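S.K.: final_3.pdb (PDB, C-alpha atoms) pasted underneath:
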ATOM      1  CA  MET A  84       9.089   1.048 -19.278
ATOM      2  CA  LYS A  85       7.540  -1.419 -16.824
ATOM      3  CA  PHE A  86       9.019  -1.933 -13.363
ATOM      4  CA  SER A  87       8.926  -5.683 -13.972
ATOM      5  CA  ASN A  88      11.312  -5.247 -16.922
ATOM      6  CA  TYR A  89      14.077  -4.306 -14.481
ATOM      7  CA  LEU A  90      13.733  -7.647 -12.713
ATOM      8  CA  ASP A  91      15.242 -10.998 -13.641
ATOM      9  CA  SER A  92      13.903 -14.201 -12.092
ATOM     10  CA  ASN A  93      17.541 -15.342 -11.696
ATOM     11  CA  LEU A  94      18.038 -12.449  -9.269
ATOM     12  CA  ILE A  95      14.921 -13.157  -7.220
ATOM     13  CA  PHE A  96      15.857 -15.170  -4.148
ATOM     14  CA  THR A  97      13.234 -16.808  -1.950
ATOM     15  CA  ASP A  98      15.562 -18.124   0.755
ATOM     16  CA  VAL A  99      17.590 -15.167   2.037
ATOM     17  CA  LYS A 100      19.025 -15.862   5.489
ATOM     18  CA  GLY A 101      20.062 -13.331   8.102
ATOM     19  CA  SER A 102      18.886 -11.665  11.308
ATOM     20  CA  SER A 103      19.949  -8.100  10.505
ATOM     21  CA  MET A 104      20.098  -5.838   7.477
ATOM     22  CA  GLU A 105      23.875  -6.215   7.322
ATOM     23  CA  GLU A 106      23.631 -10.014   7.213
ATOM     24  CA  ILE A 107      20.883  -9.845   4.583
ATOM     25  CA  ILE A 108      22.967  -7.517   2.415
ATOM     26  CA  LYS A 109      26.008  -9.823   2.604
ATOM     27  CA  GLU A 110      23.867 -12.850   1.732
ATOM     28  CA  MET A 111      22.151 -11.142  -1.202
ATOM     29  CA  VAL A 112      25.390  -9.764  -2.689
ATOM     30  CA  GLU A 113      26.867 -13.283  -2.489
ATOM     31  CA  LYS A 114      23.849 -14.678  -4.333
ATOM     32  CA  ILE A 115      23.974 -11.928  -6.973
ATOM     33  CA  ALA A 116      27.736 -12.455  -7.425
ATOM     34  CA  SER A 117      27.121 -16.128  -8.234
ATOM     35  CA  LYS A 118      24.928 -15.004 -11.152
ATOM     36  CA  GLU A 119      26.528 -11.742 -12.300
ATOM     37  CA  LYS A 120      30.216 -11.441 -13.255
ATOM     38  CA  SER A 121      30.170  -7.634 -12.873
ATOM     39  CA  VAL A 122      29.252  -8.057  -9.207
ATOM     40  CA  ASN A 123      31.525 -11.027  -8.546
ATOM     41  CA  LEU A 124      34.575  -9.034  -9.665
ATOM     42  CA  ARG A 125      33.841  -6.297  -7.103
ATOM     43  CA  LYS A 126      31.877  -8.241  -4.505
ATOM     44  CA  ASP A 127      33.666  -6.958  -1.401
ATOM     45  CA  GLU A 128      33.575  -3.346  -2.586
ATOM     46  CA  ILE A 129      29.864  -3.550  -3.361
ATOM     47  CA  THR A 130      29.033  -5.225  -0.049
ATOM     48  CA  SER A 131      30.914  -2.547   1.881
ATOM     49  CA  ALA A 132      29.257   0.255  -0.094
ATOM     50  CA  VAL A 133      25.715  -1.054   0.456
ATOM     51  CA  ILE A 134      26.321  -1.619   4.188
ATOM     52  CA  LYS A 135      27.894   1.836   4.566
ATOM     53  CA  ARG A 136      24.861   3.457   2.921
ATOM     54  CA  GLU A 137      22.534   1.446   5.148
ATOM     55  CA  GLN A 138      24.379   2.571   8.267
ATOM     56  CA  GLU A 139      23.969   6.219   7.269
ATOM     57  CA  ILE A 140      20.161   6.052   6.914
ATOM     58  CA  SER A 141      18.012   2.945   7.150
ATOM     59  CA  THR A 142      16.372   1.925   3.868
ATOM     60  CA  ALA A 143      13.444   0.126   5.518
ATOM     61  CA  ILE A 144      10.354   1.941   4.215
ATOM     62  CA  GLY A 145       7.720   0.183   6.319
ATOM     63  CA  LYS A 146       5.094  -2.444   5.391
ATOM     64  CA  GLY A 147       7.777  -5.128   5.683
ATOM     65  CA  VAL A 148       9.949  -3.790   2.835
ATOM     66  CA  ALA A 149      13.519  -2.445   2.639
ATOM     67  CA  ILE A 150      15.483  -1.078  -0.337
ATOM     68  CA  PRO A 151      19.249  -1.219   0.399
ATOM     69  CA  HIS A 152      21.327   0.260  -2.403
ATOM     70  CA  ALA A 153      24.659   1.731  -3.417
ATOM     71  CA  ARG A 154      26.241   3.669  -6.257
ATOM     72  CA  ILE A 155      29.598   2.301  -7.385
ATOM     73  CA  GLU A 156      32.269   4.188  -9.343
ATOM     74  CA  ASN A 157      32.630   2.926 -12.926
ATOM     75  CA  PHE A 158      30.083   0.147 -12.459
ATOM     76  CA  ASN A 159      28.806  -0.451 -15.983
ATOM     77  CA  ASP A 160      25.646  -2.236 -14.985
ATOM     78  CA  PHE A 161      22.344  -1.662 -13.211
ATOM     79  CA  ILE A 162      21.062  -4.495 -11.039
ATOM     80  CA  VAL A 163      17.862  -4.931  -9.066
ATOM     81  CA  ALA A 164      17.593  -8.078  -6.959
ATOM     82  CA  VAL A 165      14.696  -9.243  -4.812
ATOM     83  CA  GLY A 166      15.057 -11.230  -1.617
ATOM     84  CA  VAL A 167      12.391 -12.921   0.510
ATOM     85  CA  VAL A 168      13.704 -13.060   4.077
ATOM     86  CA  GLU A 169      13.391 -16.502   5.674
ATOM     87  CA  THR A 170      13.362 -15.119   9.224
ATOM     88  CA  PRO A 171      11.876 -11.595   9.294
ATOM     89  CA  PHE A 172      13.769  -9.182  11.535
ATOM     90  CA  ARG A 173      13.209  -5.766  13.101
ATOM     91  CA  ALA A 174      14.800  -2.652  11.584
ATOM     92  CA  LYS A 175      14.463   1.072  12.041
ATOM     93  CA  VAL A 176      12.248   2.742   9.432
ATOM     94  CA  GLU A 177      14.026   5.428   7.394
ATOM     95  CA  ALA A 178      14.118   8.902   9.005
ATOM     96  CA  SER A 179      11.822   7.697  11.771
ATOM     97  CA  ALA A 180      11.887   6.605  15.390
ATOM     98  CA  SER A 181       9.664   3.603  14.618
ATOM     99  CA  LYS A 182      10.667   0.052  13.711
ATOM    100  CA  ASP A 183       9.277  -2.445  11.229
ATOM    101  CA  THR A 184       9.619  -6.161  10.564
ATOM    102  CA  VAL A 185      11.484  -6.597   7.269
ATOM    103  CA  GLU A 186      10.265  -9.497   5.122
ATOM    104  CA  LEU A 187      11.018  -8.392   1.546
ATOM    105  CA  VAL A 188      14.217  -6.728   0.287
ATOM    106  CA  PHE A 189      14.905  -4.989  -3.032
ATOM    107  CA  LEU A 190      18.682  -4.536  -3.421
ATOM    108  CA  ILE A 191      19.903  -2.063  -6.059
ATOM    109  CA  ILE A 192      23.462  -1.771  -7.394
ATOM    110  CA  SER A 193      24.182   1.065  -9.796
ATOM    111  CA  ASP A 194      26.828   3.308 -11.278
ATOM    112  CA  VAL A 195      27.483   6.491  -9.293
ATOM    113  CA  LEU A 196      25.849   8.672 -11.966
ATOM    114  CA  LYS A 197      22.639   6.675 -12.266
ATOM    115  CA  ASN A 198      20.871   8.079  -9.228
ATOM    116  CA  LYS A 199      17.799   8.774 -11.405
ATOM    117  CA  ASN A 200      17.473   5.049 -12.104
ATOM    118  CA  ILE A 201      17.752   4.218  -8.403
ATOM    119  CA  LEU A 202      15.167   6.828  -7.508
ATOM    120  CA  LYS A 203      12.768   5.513 -10.146
ATOM    121  CA  ILE A 204      13.085   1.942  -8.845
ATOM    122  CA  MET A 205      12.628   3.099  -5.241
ATOM    123  CA  SER A 206       9.548   5.048  -6.302
ATOM    124  CA  ALA A 207       8.185   1.960  -8.075
ATOM    125  CA  VAL A 208       8.719  -0.176  -4.965
ATOM    126  CA  SER A 209       6.901   2.430  -2.873
ATOM    127  CA  LYS A 210       3.986   2.372  -5.342
ATOM    128  CA  LEU A 211       3.897  -1.416  -5.146
ATOM    129  CA  VAL A 212       3.710  -1.313  -1.338
ATOM    130  CA  ILE A 213       1.149   1.514  -1.128
ATOM    131  CA  LYS A 214      -1.111   0.886  -4.139
ATOM    132  CA  TYR A 215      -0.864  -2.902  -4.369
ATOM    133  CA  PRO A 216      -0.343  -4.120  -0.770
ATOM    134  CA  HIS A 217      -2.008  -7.454  -1.587
ATOM    135  CA  ILE A 218       0.647  -8.124  -4.235
ATOM    136  CA  ALA A 219       3.522  -7.057  -1.972
ATOM    137  CA  ASP A 220       2.159  -9.316   0.776
ATOM    138  CA  LYS A 221       1.832 -12.222  -1.666
ATOM    139  CA  MET A 222       5.469 -11.780  -2.726
ATOM    140  CA  LYS A 223       6.578 -12.276   0.885
ATOM    141  CA  THR A 224       5.152 -15.797   0.925
ATOM    142  CA  ILE A 225       5.852 -17.101  -2.591
ATOM    143  CA  LYS A 226       8.656 -19.649  -2.840
ATOM    144  CA  ASP A 227       9.076 -19.584  -6.616
ATOM    145  CA  SER A 228      11.105 -16.823  -8.331
ATOM    146  CA  ALA A 229       9.098 -16.909 -11.554
ATOM    147  CA  GLU A 230       5.856 -16.516  -9.585
ATOM    148  CA  ILE A 231       7.238 -13.475  -7.761
ATOM    149  CA  LEU A 232       8.107 -11.892 -11.110
ATOM    150  CA  LYS A 233       4.561 -12.629 -12.304
ATOM    151  CA  ALA A 234       3.192 -10.872  -9.230
ATOM    152  CA  VAL A 235       5.192  -7.734 -10.054
ATOM    153  CA  GLN A 236       3.991  -7.919 -13.658
ATOM    154  CA  GLU A 237       0.447  -8.108 -12.348
ATOM    155  CA  ALA A 238       0.897  -4.743 -10.614
ATOM    156  CA  ASP A 239       1.798  -3.264 -14.044
ATOM    157  CA  ILE A 240       3.778  -0.323 -12.621
ATOM    158  CA  GLU A 241       5.118   2.075 -15.248
ATOM    159  CA  ILE A 242       8.473   3.817 -14.783
ATOM    160  CA  GLY A 243       8.897   7.199 -16.473
ATOM    161  CA  HIS A 244      12.088   8.846 -17.708
ATOM    162  CA  LYS A 245      11.987  12.065 -15.681
ATOM    163  CA  ILE A 246      12.135  12.598 -11.922
ATOM    164  CA  THR A 247       8.825  14.123 -10.890
ATOM    165  CA  ALA A 248       6.931  15.037  -7.727
ATOM    166  CA  GLU A 249       5.469  11.540  -7.317
ATOM    167  CA  ASP A 250       9.017  10.107  -7.171
ATOM    168  CA  VAL A 251      10.129  12.215  -4.206
ATOM    169  CA  LEU A 252       6.944  12.891  -2.237
ATOM    170  CA  SER A 253       6.338  11.378   1.199
ATOM    171  CA  PRO A 254       2.997   9.527   0.875
ATOM    172  CA  ASP A 255       2.934   8.075   4.386
ATOM    173  CA  ILE A 256       2.474  11.302   6.362
ATOM    174  CA  ILE A 257      -1.005  11.019   7.868
ATOM    175  CA  PRO A 258      -3.019  14.215   7.330
ATOM    176  CA  LEU A 259      -4.928  16.005  10.079
ATOM    177  CA  SER A 260      -8.621  16.869   9.953
ATOM    178  CA  PRO A 261     -10.255  20.213  10.807
ATOM    179  CA  ASN A 262     -11.450  18.507  14.024
ATOM    180  CA  SER A 263      -7.920  17.690  15.220
ATOM    181  CA  THR A 264      -7.098  19.397  18.518
ATOM    182  CA  LEU A 265      -4.169  21.654  19.303
ATOM    183  CA  GLU A 266      -2.797  18.943  21.575
ATOM    184  CA  GLU A 267      -2.858  16.335  18.766
ATOM    185  CA  VAL A 268      -1.053  18.696  16.417
ATOM    186  CA  ALA A 269       1.621  19.677  18.944
ATOM    187  CA  LYS A 270       2.347  16.027  19.771
ATOM    188  CA  ARG A 271       2.769  15.127  16.116
ATOM    189  CA  PHE A 272       5.098  18.076  15.498
ATOM    190  CA  ILE A 273       7.313  16.786  18.303
ATOM    191  CA  ILE A 274       7.161  13.060  17.493
ATOM    192  CA  GLU A 275       7.543  13.456  13.723
ATOM    193  CA  HIS A 276      10.151  16.235  13.868
ATOM    194  CA  THR A 277       8.169  18.439  11.512
ATOM    195  CA  SER A 278       6.962  22.021  11.509
ATOM    196  CA  GLY A 279       3.857  21.618   9.357
ATOM    197  CA  LEU A 280       1.214  19.028   8.460
ATOM    198  CA  PRO A 281      -1.522  18.739   5.803
ATOM    199  CA  VAL A 282      -5.209  19.125   6.622
ATOM    200  CA  VAL A 283      -7.844  17.191   4.645
ATOM    201  CA  ASP A 284     -11.601  16.675   4.849
ATOM    202  CA  GLU A 285     -13.361  13.346   5.435
ATOM    203  CA  ASN A 286     -13.025  12.486   1.713
ATOM    204  CA  GLY A 287      -9.290  13.133   1.557
ATOM    205  CA  LYS A 288      -9.676  16.487  -0.215
ATOM    206  CA  PHE A 289      -6.803  18.834   0.561
ATOM    207  CA  LEU A 290      -7.848  21.849   2.650
ATOM    208  CA  GLY A 291      -4.545  23.410   3.698
ATOM    209  CA  GLU A 292      -1.828  23.075   6.333
ATOM    210  CA  ILE A 293      -1.265  23.797  10.015
ATOM    211  CA  THR A 294       2.200  24.922  11.108
ATOM    212  CA  GLU A 295       4.093  25.753  14.280
ATOM    213  CA  LYS A 296       3.357  29.414  13.634
ATOM    214  CA  GLU A 297      -0.413  28.971  14.022
ATOM    215  CA  LEU A 298      -0.005  27.088  17.305
ATOM    216  CA  ILE A 299       2.302  29.718  18.805
ATOM    217  CA  GLU A 300       0.116  32.528  17.494
ATOM    218  CA  PHE A 301      -2.978  30.996  19.139
ATOM    219  CA  GLY A 302      -1.283  31.107  22.550
ATOM    220  CA  MET A 303      -0.425  34.798  22.325
ATOM    221  CA  PRO A 304      -2.933  37.410  23.558
ATOM    222  CA  LYS A 305      -4.421  39.288  20.616
ATOM    223  CA  TYR A 306      -3.469  42.671  22.062
ATOM    224  CA  LEU A 307       0.268  41.885  21.846
ATOM    225  CA  SER A 308       0.402  42.998  18.222
ATOM    226  CA  LEU A 309      -0.468  46.517  19.394
ATOM    227  CA  MET A 310       2.254  46.727  22.041
ATOM    228  CA  GLN A 311       5.666  48.328  21.578
ATOM    229  CA  ASP A 312       7.209  47.000  24.788
ATOM    230  CA  LEU A 313       6.492  43.530  26.185
ATOM    231  CA  ASN A 314       8.762  43.777  29.241
ATOM    232  CA  PHE A 315       5.793  44.220  31.569
ATOM    233  CA  LEU A 316       4.541  40.682  30.854
ATOM    234  CA  THR A 317       5.363  38.023  33.429
ATOM    235  CA  VAL A 318       6.711  34.631  32.416
ATOM    236  CA  GLY A 319       4.017  32.236  31.203
ATOM    237  CA  GLU A 320       1.231  34.777  30.685
ATOM    238  CA  PRO A 321       1.176  34.681  26.861
ATOM    239  CA  PHE A 322       0.304  30.977  26.717
ATOM    240  CA  GLU A 323      -2.371  30.678  29.376
ATOM    241  CA  GLU A 324      -5.147  30.441  26.765
ATOM    242  CA  TYR A 325      -3.308  27.692  24.903
ATOM    243  CA  LEU A 326      -2.582  25.610  28.005
ATOM    244  CA  VAL A 327      -6.194  25.829  29.178
ATOM    245  CA  ASN A 328      -7.723  24.980  25.768
ATOM    246  CA  GLU A 329      -5.227  22.664  24.003
ATOM    247  CA  LYS A 330      -7.298  19.506  24.611
ATOM    248  CA  THR A 331     -10.599  20.952  23.343
ATOM    249  CA  THR A 332      -9.767  23.599  20.728
ATOM    250  CA  ILE A 333      -9.837  22.240  17.179
ATOM    251  CA  ILE A 334      -7.877  23.653  14.259
ATOM    252  CA  GLU A 335     -10.888  24.269  12.006
ATOM    253  CA  ASN A 336     -10.387  28.037  12.037
ATOM    254  CA  LEU A 337      -6.615  28.031  12.521
ATOM    255  CA  TYR A 338      -5.058  26.174   9.589
ATOM    256  CA  ARG A 339      -3.793  27.979   6.488
ATOM    257  CA  SER A 340      -6.088  27.577   3.472
ATOM    258  CA  LYS A 341      -4.865  25.788   0.343
ATOM    259  CA  ASP A 342      -5.410  29.091  -1.485
ATOM    260  CA  GLU A 343      -2.393  30.502   0.388
ATOM    261  CA  LEU A 344      -0.153  27.598  -0.612
ATOM    262  CA  ILE A 345       1.693  26.461  -3.718
ATOM    263  CA  ILE A 346       0.232  23.132  -4.833
ATOM    264  CA  LEU A 347       2.010  20.737  -7.180
ATOM    265  CA  ASP A 348       0.753  18.213  -9.693
ATOM    266  CA  ARG A 349       2.251  14.740  -9.291
ATOM    267  CA  LYS A 350       4.015  15.158 -12.653
ATOM    268  CA  ALA A 351       5.788  18.412 -11.700
ATOM    269  CA  PRO A 352       9.488  18.036 -12.698
ATOM    270  CA  ILE A 353      12.158  17.955 -10.016
ATOM    271  CA  MET A 354      13.885  21.158 -11.157
ATOM    272  CA  GLU A 355      10.618  23.100 -10.918
ATOM    273  CA  ILE A 356      10.182  21.799  -7.367
ATOM    274  CA  CYS A 357      13.727  22.815  -6.405
ATOM    275  CA  PHE A 358      13.347  26.235  -8.043
ATOM    276  CA  ILE A 359      10.158  26.968  -6.070
ATOM    277  CA  MET A 360      11.732  25.856  -2.801
ATOM    278  CA  VAL A 361      14.874  27.928  -3.291
ATOM    279  CA  SER A 362      13.431  31.075  -4.911
ATOM    280  CA  LYS A 363      10.443  31.320  -2.562
ATOM    281  CA  ASN A 364      12.204  29.925   0.515
ATOM    282  CA  ILE A 365       9.533  27.238   0.983
ATOM    283  CA  THR A 366      10.256  24.176   3.105
ATOM    284  CA  ARG A 367       7.183  22.083   2.173
ATOM    285  CA  LEU A 368       5.174  21.612  -1.003
ATOM    286  CA  TYR A 369       1.931  19.651  -1.261
ATOM    287  CA  VAL A 370       1.118  17.267  -4.105
ATOM    288  CA  VAL A 371      -2.576  17.199  -5.017
ATOM    289  CA  GLU A 372      -4.520  15.552  -7.839
ATOM    290  CA  ASN A 373      -8.172  16.380  -8.576
ATOM    291  CA  GLY A 374      -8.331  18.019  -5.171
ATOM    292  CA  GLU A 375      -7.143  14.877  -3.373
ATOM    293  CA  TYR A 376      -4.050  14.993  -1.161
ATOM    294  CA  LEU A 377      -1.320  12.609  -2.410
ATOM    295  CA  GLY A 378       1.636  13.576  -0.229
ATOM    296  CA  LEU A 379       4.085  16.315   0.601
ATOM    297  CA  ILE A 380       7.648  17.100  -0.415
ATOM    298  CA  LYS A 381      10.079  18.526   2.125
ATOM    299  CA  ARG A 382      13.501  19.965   1.447
ATOM    300  CA  SER A 383      14.918  16.971   3.293
ATOM    301  CA  ASP A 384      13.236  14.703   0.717
ATOM    302  CA  ILE A 385      15.263  16.389  -2.034
ATOM    303  CA  ILE A 386      18.491  15.923  -0.062
ATOM    304  CA  LYS A 387      17.706  12.330   0.879
ATOM    305  CA  LYS A 388      16.145  11.073  -2.349
ATOM    306  CA  VAL A 389      18.014  13.028  -5.014
ATOM    307  CA  LEU A 390      21.276  14.506  -3.747
ATOM    308  CA  HIS A 391      22.275  11.754  -1.304
ATOM    309  CA  ILE A 392      20.373   8.749  -2.557
TER     310      ILE A 392
END
Would you kindly transcribe this structure into structure tokens?
M.R.:
Amino acid sequence: MKFSNYLDSNLIFTDVKGSSMEEIIKEMVEKIASKEKSVNLRKDEITSAVIKREQEISTAIGKGVAIPHARIENFNDFIVAVGVVETPFRAKVEASASKDTVELVFLIISDVLKNKNILKIMSAVSKLVIKYPHIADKMKTIKDSAEILKAVQEADIEIGHKITAEDVLSPDIIPLSPNSTLEEVAKRFIIEHTSGLPVVDENGKFLGEITEKELIEFGMPKYLSLMQDLNFLTVGEPFEEYLVNEKTTIIENLYRSKDELIILDRKAPIMEICFIMVSKNITRLYVVENGEYLGLIKRSDIIKKVLHI
């Protein structure tokens, strides 16, 4: 089914007013309620649910787009509305310390058991933003609902029936190169709150990953593995080599090769992904197609995008 089939020009609003996500949500639910009886009957409940979800974790995904949503008990409908924000405002990007200027909002209202539908729509919006940025940018400026729907149709995004790797992967994590320095890697671990990052070549081909383990291991004298008692070492000694060389040493010979990792196809089903993570105690899985890095899936992505959508 096409993403555009989930949209109705009557639920595409080109004049959404508000200076915060909460105000935008209230305005959009009001507009939807004027068109949809199922929403009008439970307008206050839906507004509260969407705002509550937004307060838990921001739904701004970057590139000027946000996807507020909520699952409602016994809501026998599935609604996707689009709103062009008249006065763009700043909002925190989901699971990030950065902020973005929100210009385009996709608001989803669903039954509590239709999290697969929500995830599929969110995945489609992400594809629109990443693969067709020119179309997403055009939508932010169009003042005619029918023309916005045409723009989405132009992108021709297909929505599948099963939740797969491409629905839950994080495509916006910037890979490292073999020429990245130890200092660059350490800074990104700290800023991005992660313990591992992908490594690719100049053509985007996946080479492997660098983790906290490799950085710590580099700073330890090689002879330590032979010692039974480390009490004789003074504080700071083990990391002298790291501190002296962090700005110049590159990770070319330090990262873990792709041959040591489990690599997923973008169509890998969600239960296979979960099984691998649980049975093999793996925190990150890399999604690769024809050798090219597409993104990674963390355990937190499963929690955030499937279990607590």
S.K.: Spell out the residues picked by the PyMOL selection byres ((chain A and resi 357-360) around 12) here, as a PyMOL selection string.
M.R.: chain A and resi 246-248+251+344-347+351-356+361-369+380-386+389-390
S.K.: Need the shell around His217 of chain A: protein/DNA/RNA residues with any atom at most 12 Å away, counting all atoms listed in the file. Skip same-chain ones fewer than 4 positions apart. Format as a list in words?
M.R.: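 The contact residues come out as Lys146, Leu211, Val212, Ile213, Lys221, Met222, Lys223, Thr224, Ala234, Val235, Glu237 and Ala238 of chain A.
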S.K.: Per residue of segment 182-270 of chain A within 8 Å of segment 97-105 of chain A, what are the shortest atom pair and its distance in Å to one decimal, counting all atoms listed in the file, with rows by chain and residue number, as CSV?
M.R.:
residue,atom,partner,partner_atom,distance
A:Ile225,CA,A:Thr97,CA,7.4
A:Lys226,CA,A:Thr97,CA,5.5
A:Asp227,CA,A:Thr97,CA,6.8
A:Ser228,CA,A:Thr97,CA,6.7
S.K.: Neighbours of Ser340 of chain A within 10 Å (all atoms listed in the file; same-chain residues fewer than 3 positions away dropped), as a list in words?
M.R.: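 The filter keeps Val282, Phe289, Leu290, Gly291, Glu292, Ile293, Asn336, Leu337, Glu343 and Leu344 of chain A.
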S.K.: May I ask for the distance between atom CA of Ile162 of chain A and atom CA of Ile192 of chain A, given in Å to one decimal place?
M.R.: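 So the answer is 5.1 Å.
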S.K.: What does the distance from atom CA of Ser253 of chain A to atom CA of Glu375 of chain A come to in Å, to one decimal?
M.R.: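 If I compute the distance from atom CA of Ser253 of chain A to atom CA of Glu375 of chain A, I get 14.7 Å.
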S.K.: When distances are computed from all atoms listed in the file, which of A:Glu119, A:Glu139, A:Asp255, A:Glu106 shows the smallest separation from His391 of chain A?
M.R.: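 Using all atoms listed in the file, His391 of chain A sits closest to A:Glu139.
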S.K.: Set out as CSV a contact list for segment 268-295 of chain A and segment 166-180 of chain A with a cut-off of 10 Å, giving each residue of segment 268-295 of chain A that qualifies its closest atom pair and distance in Å to one decimal, counting all atoms listed in the file, ordered by chain and rising residue number.
M.R.:
residue,atom,partner,partner_atom,distance
A:Ile274,CA,A:Ala180,CA,8.3
A:Glu275,CA,A:Ser179,CA,7.4
A:His276,CA,A:Ser179,CA,8.9
S.K.: From the set A:Asn88, A:Thr332, A:Thr184, A:Thr277, which residue has the shortest atom-to-atom contact distance to Ser263 of chain A, counting all atoms listed in the file?
M.R.: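 The shortest atom-to-atom distance to Ser263 of chain A comes from A:Thr332.
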S.K.: Excluding Asp348 of chain A and residues on its chain fewer than 5 positions from it, collect all residues at most 7 Å away from it, counting all atoms listed in the file, and give them as a list in words.
M.R.: Val370, Val371 and Glu372 of chain A
S.K.: Of the residues A:Leu90, A:Ile155, A:Ala164, A:Ile218, which is the one nearest to Val112 of chain A, using only C-alpha atoms?
M.R.: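 The closest residue to Val112 of chain A is A:Ala164.
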S.K.: Pull out every residue that the PyMOL selection byres ((chain A and resi 324-331) around 6) matches in the shown coordinates and put them as a ChimeraX atom specification.
M.R.: /A:265-266,302,322-323,332
